[in-house]
$ cat upload.txt   # compact mmCIF, C-alpha atoms
# COMPACT_ATOMS: atom_id res chain seq x y z
CA MET A 94 -80.24 -40.32 30.57
CA ALA A 95 -80.32 -39.25 34.20
CA ILE A 96 -83.54 -39.42 36.19
CA PRO A 97 -84.55 -35.99 37.49
CA LYS A 98 -84.25 -35.51 41.25
CA LYS A 99 -87.90 -34.41 41.47
CA ALA A 100 -89.02 -37.69 39.91
CA ILE A 101 -87.04 -39.70 42.46
CA ILE A 102 -88.51 -37.74 45.38
CA PHE A 103 -92.04 -38.03 43.97
CA SER A 104 -91.60 -41.79 43.50
CA PHE A 105 -90.32 -42.20 47.05
CA LEU A 106 -93.21 -40.22 48.52
CA THR A 107 -95.89 -42.02 46.55
CA CYS A 108 -94.44 -45.53 46.96
CA VAL A 109 -93.13 -45.29 50.52
CA GLY A 110 -94.23 -42.07 52.24
CA ILE A 111 -97.97 -42.18 51.63
CA PRO A 112 -98.38 -45.87 52.56
CA MET A 113 -96.38 -45.21 55.76
CA LEU A 114 -98.81 -42.43 56.66
CA LEU A 115 -101.83 -44.58 55.85
CA ILE A 116 -100.73 -47.37 58.16
CA GLY A 117 -99.77 -44.99 60.94
CA TYR A 118 -96.01 -44.63 60.67
CA ASN A 119 -94.29 -41.35 61.21
CA PHE A 120 -91.41 -40.49 58.88
CA ARG A 121 -89.34 -39.40 61.91
CA ASP A 122 -89.42 -43.03 63.08
CA PHE A 123 -87.33 -43.87 60.02
CA PHE A 124 -85.25 -40.69 60.03
CA PRO A 125 -84.22 -40.29 63.70
CA SER A 126 -81.65 -37.63 62.87
CA PHE A 127 -84.47 -35.17 62.11
CA ARG A 128 -84.00 -32.10 64.27
CA PRO A 129 -86.28 -29.12 64.69
CA PRO A 130 -85.20 -25.82 63.17
CA PRO A 131 -83.02 -23.61 65.38
CA SER A 132 -85.94 -21.26 66.11
CA PHE A 133 -87.46 -23.93 68.37
CA ARG A 134 -86.06 -23.34 71.82
CA SER A 135 -85.53 -26.26 74.18
CA ALA A 136 -84.81 -25.84 77.88
CA SER A 137 -81.09 -25.94 78.53
CA GLY A 138 -81.29 -25.10 82.20
CA ILE A 139 -84.13 -24.01 84.42
CA SER A 140 -84.03 -20.55 85.86
CA ASN A 141 -85.27 -19.69 89.31
CA PRO A 142 -88.77 -18.27 88.73
CA THR A 143 -89.38 -15.21 90.89
CA THR A 144 -92.58 -13.50 89.71
CA ILE A 145 -96.09 -14.94 89.92
CA GLU A 146 -96.13 -15.13 86.10
CA GLU A 147 -92.92 -17.18 86.01
CA ILE A 148 -94.00 -19.47 88.85
CA ALA A 149 -97.38 -20.07 87.18
CA ALA A 150 -95.80 -20.83 83.79
CA VAL A 151 -93.31 -23.35 85.23
CA ALA A 152 -96.04 -25.00 87.34
CA LEU A 153 -98.38 -25.24 84.33
CA VAL A 154 -95.79 -26.95 82.15
CA GLU A 155 -94.97 -29.45 84.91
CA TRP A 156 -98.70 -30.11 85.35
CA ALA A 157 -99.38 -30.57 81.65
CA VAL A 158 -96.28 -32.56 80.74
CA ASN A 159 -95.36 -34.54 83.86
CA LYS A 160 -98.79 -34.55 85.52
CA LYS A 161 -97.35 -32.88 88.63
CA PRO A 162 -100.39 -31.77 90.65
CA LEU A 163 -101.13 -28.13 91.22
CA PRO A 164 -102.01 -27.14 94.80
CA GLU A 165 -105.73 -27.42 95.62
CA LEU A 166 -106.65 -28.12 91.98
CA GLN A 167 -108.39 -31.40 91.27
CA LEU A 168 -108.35 -31.12 87.48
CA HIS A 169 -106.73 -33.69 85.22
CA CYS A 170 -104.36 -31.96 82.84
CA GLY A 171 -105.57 -34.07 79.91
CA SER A 172 -102.44 -33.67 77.84
CA GLY A 173 -100.83 -36.48 75.93
CA ALA A 174 -98.36 -37.76 78.48
CA SER A 175 -97.29 -40.38 75.95
CA SER A 176 -96.21 -37.65 73.51
CA ILE A 177 -92.58 -37.61 72.55
CA ARG A 178 -92.57 -33.83 72.23
CA PHE A 179 -94.47 -30.85 73.60
CA ILE A 180 -94.66 -27.55 71.73
CA VAL A 181 -95.29 -24.80 74.32
CA VAL A 182 -96.38 -21.23 73.62
CA CYS A 183 -96.01 -18.94 76.63
CA ASP A 184 -95.33 -15.35 75.62
CA PHE A 185 -95.83 -13.63 78.97
CA VAL A 186 -92.57 -14.78 80.56
CA PRO A 187 -89.03 -13.96 79.37
CA ASP A 188 -87.57 -16.10 76.58
CA ASP A 189 -84.56 -17.01 78.71
CA LEU A 190 -86.75 -18.58 81.41
CA ALA A 191 -86.62 -22.33 80.87
CA LEU A 192 -90.03 -23.74 81.70
CA SER A 193 -88.70 -27.26 82.33
CA LEU A 194 -85.59 -29.42 82.14
CA ASP A 195 -87.54 -32.02 80.15
CA ASP A 196 -85.90 -32.32 76.72
CA ARG A 197 -89.28 -33.17 75.13
CA ILE A 198 -90.38 -29.56 75.58
CA PHE A 199 -89.84 -27.01 72.83
CA ARG A 200 -90.87 -23.46 73.54
CA VAL A 201 -91.93 -21.44 70.51
CA THR A 202 -93.43 -18.03 69.93
CA ARG A 203 -97.06 -17.68 68.96
CA GLU A 204 -95.92 -16.82 65.42
CA ASP A 205 -93.76 -19.99 65.19
CA ARG A 206 -96.57 -22.34 66.29
CA LYS A 207 -97.80 -22.83 62.70
CA SER A 208 -94.29 -23.63 61.58
CA ALA A 209 -93.95 -26.17 64.39
CA PHE A 210 -97.22 -27.79 63.36
CA ARG A 211 -96.03 -28.02 59.73
CA HIS A 212 -92.87 -29.79 60.93
CA PHE A 213 -94.37 -32.13 63.51
CA GLY A 214 -98.11 -32.38 62.86
CA TYR A 215 -100.12 -34.30 65.42
CA GLY A 216 -99.54 -37.94 66.25
CA ASP A 217 -96.74 -37.84 68.79
CA THR A 218 -96.79 -34.10 69.55
CA THR A 219 -98.87 -32.17 72.08
CA TYR A 220 -99.37 -28.42 71.68
CA ILE A 221 -99.77 -26.35 74.86
CA ASP A 222 -100.80 -22.70 74.61
CA ILE A 223 -100.63 -20.62 77.79
CA HIS A 224 -102.19 -17.17 77.50
CA LYS A 225 -102.27 -14.48 80.19
CA ILE A 226 -105.76 -13.07 80.74
CA LYS A 227 -104.86 -10.57 83.49
CA SER A 228 -102.40 -10.19 86.31
CA ALA A 229 -101.90 -8.22 89.50
CA ALA A 230 -99.08 -8.02 92.04
CA ASN A 231 -99.75 -11.41 93.66
CA SER A 232 -102.03 -13.13 91.17
CA ILE A 233 -102.45 -14.08 87.52
CA ASP A 234 -105.32 -15.50 85.49
CA VAL A 235 -104.36 -17.68 82.54
CA SER A 236 -106.04 -19.63 79.79
CA VAL A 237 -104.44 -23.00 78.96
CA SER A 238 -105.17 -25.05 75.85
CA SER A 239 -103.73 -28.50 75.31
CA SER A 240 -104.22 -30.10 71.90
CA PHE A 241 -102.98 -33.65 71.76
CA GLY A 242 -103.53 -34.90 68.26
CA PHE A 243 -106.54 -36.33 66.62
CA MET A 244 -107.75 -37.49 70.05
CA GLY A 245 -108.80 -33.93 70.85
CA GLY A 246 -107.90 -31.27 73.32
CA VAL A 247 -108.91 -29.52 76.50
CA GLY A 248 -108.89 -25.96 77.79
CA TYR A 249 -108.81 -24.43 81.26
CA THR A 250 -109.02 -21.05 82.91
CA LEU A 251 -106.82 -20.96 86.01
CA HIS A 252 -106.15 -18.40 88.75
CA PHE A 253 -102.76 -18.46 90.49
CA SER A 254 -102.18 -16.42 93.62
CA PHE A 255 -100.23 -16.12 96.82
CA SER A 256 -102.20 -15.90 100.05
CA ASP A 257 -101.31 -13.28 102.67
CA ASP A 258 -99.10 -15.83 104.43
CA GLY A 259 -97.22 -16.65 101.19
CA GLU A 260 -98.96 -19.92 100.30
CA PHE A 261 -99.18 -20.70 96.56
CA GLN A 262 -102.81 -21.30 95.53
CA VAL A 263 -104.47 -22.39 92.30
CA THR A 264 -108.15 -22.44 91.41
CA GLY A 265 -109.78 -23.00 88.07
CA SER A 266 -112.14 -24.86 85.85
CA ARG A 267 -112.25 -26.69 82.55
CA THR A 268 -113.66 -24.38 79.89
CA TRP A 269 -113.81 -26.71 76.90
CA ILE A 270 -113.08 -30.28 75.82
CA SER A 271 -113.15 -31.98 72.46

$ encode --input "upload.txt" --output "structure tokens"
Amino acid sequence: MAIPKKAIIFSFLTCVGIPMLLIGYNFRDFFPSFRPPPSFRSASGISNPTTIEEIAAVALVEWAVNKKPLPELQLHCGSGASSIRFIVVCDFVPDDLALSLDDRIFRVTREDRKSAFRHFGYGDTTYIDIHKIKSAANSIDVSVSSSFGFMGGVGYTLHFSFSDDGEFQVTGSRTWIS
């Protein structure tokens, strides 16, 4: 008599999977060939940002992921720099604009964020949500949320602009922390 496939999977999950979760292991540590679904877009080559929205989005991702400082802004990005992947939602720039060359960054739509969370959960993944509040010809206001696992998260409101002489400027404040 053959053992049903469902019984084998259930036995594996209860005997191996749940104890691994309880002691802090991630199943992807044991299954390194796991790949995200094709709807998750990773940067294949960075475009040359030209608009204030594009420049702000690229600068924000570099700030949050690689801790690259933003001009005149003395705020710590607070994201999980030790994360092995970053799920980024940024719907106000074109899909073909790569926000970074870092292969840890996966750009998803706002609708796909829940799917990404179901696949990756917290632990070794940081979720960055960049939302446009308002924009003008030479400026943009954005809201940035960075959730980095069970350790918490942080949110900012930032204003990006170009001065009359073309200098890139950033001002802002932390709006929440948990």

$ closest_atom_pairs --input "upload.txt" --of "region 184-206 of chain A" --to "region 147-164 of chain A" --cutoff "7 Å" --atoms "only C-alpha atoms" --output "CSV"
residue,atom,partner,partner_atom,distance
A:Val186,CA,A:Glu147,CA,6.0
A:Leu192,CA,A:Val151,CA,4.8
A:Ser193,CA,A:Val151,CA,6.7

$ atom_distance --input "upload.txt" --atom1 "CA of Ser176 (chain A)" --atom2 "CA of Thr219 (chain A)"
6.3 Å

$ closest_residue --input "upload.txt" --among "A:Thr202, A:Ser236, A:Ser256, A:Ser208" --to "Trp269 (chain A)" --atoms "only C-alpha atoms"
A:Ser236

$ closest_residue --input "upload.txt" --among "A:Ile198, A:Val247, A:Val237, A:Ala209" --to "Asp222 (chain A)" --atoms "all atoms listed in the file"
A:Val237

$ closest_residue --input "upload.txt" --among "A:Ala229, A:Phe241, A:Val181, A:Leu251" --to "Ser271 (chain A)" --atoms "all atoms listed in the file"
A:Phe241

$ atom_distance --input "upload.txt" --atom1 "CA of Thr268 (chain A)" --atom2 "CA of Tyr220 (chain A)"
17.0 Å

$ atom_distance --input "upload.txt" --atom1 "CA of Asp188 (chain A)" --atom2 "CA of Ile233 (chain A)"
18.6 Å

$ axis_aligned_box --input "upload.txt" --around "region 218-230 of chain A" --padding-each-side "6 Å" --output "lines of an AutoDock Vina configuration file"
center_x = -101.3
center_y = -21.1
center_z = 80.8
size_x = 21.0
size_y = 38.1
size_z = 34.5

$ closest_residue --input "upload.txt" --among "A:Arg211, A:Arg178, A:Lys225, A:Arg267" --to "Phe199 (chain A)" --atoms "only C-alpha atoms"
A:Arg178

$ closest_residue --input "upload.txt" --among "A:Ile270, A:Ala230, A:Ile221, A:Val235" --to "Phe185 (chain A)" --atoms "only C-alpha atoms"
A:Val235

$ closest_residue --input "upload.txt" --among "A:Pro142, A:Val201, A:Thr250, A:Gly259" --to "Lys227 (chain A)" --atoms "only C-alpha atoms"
A:Thr250
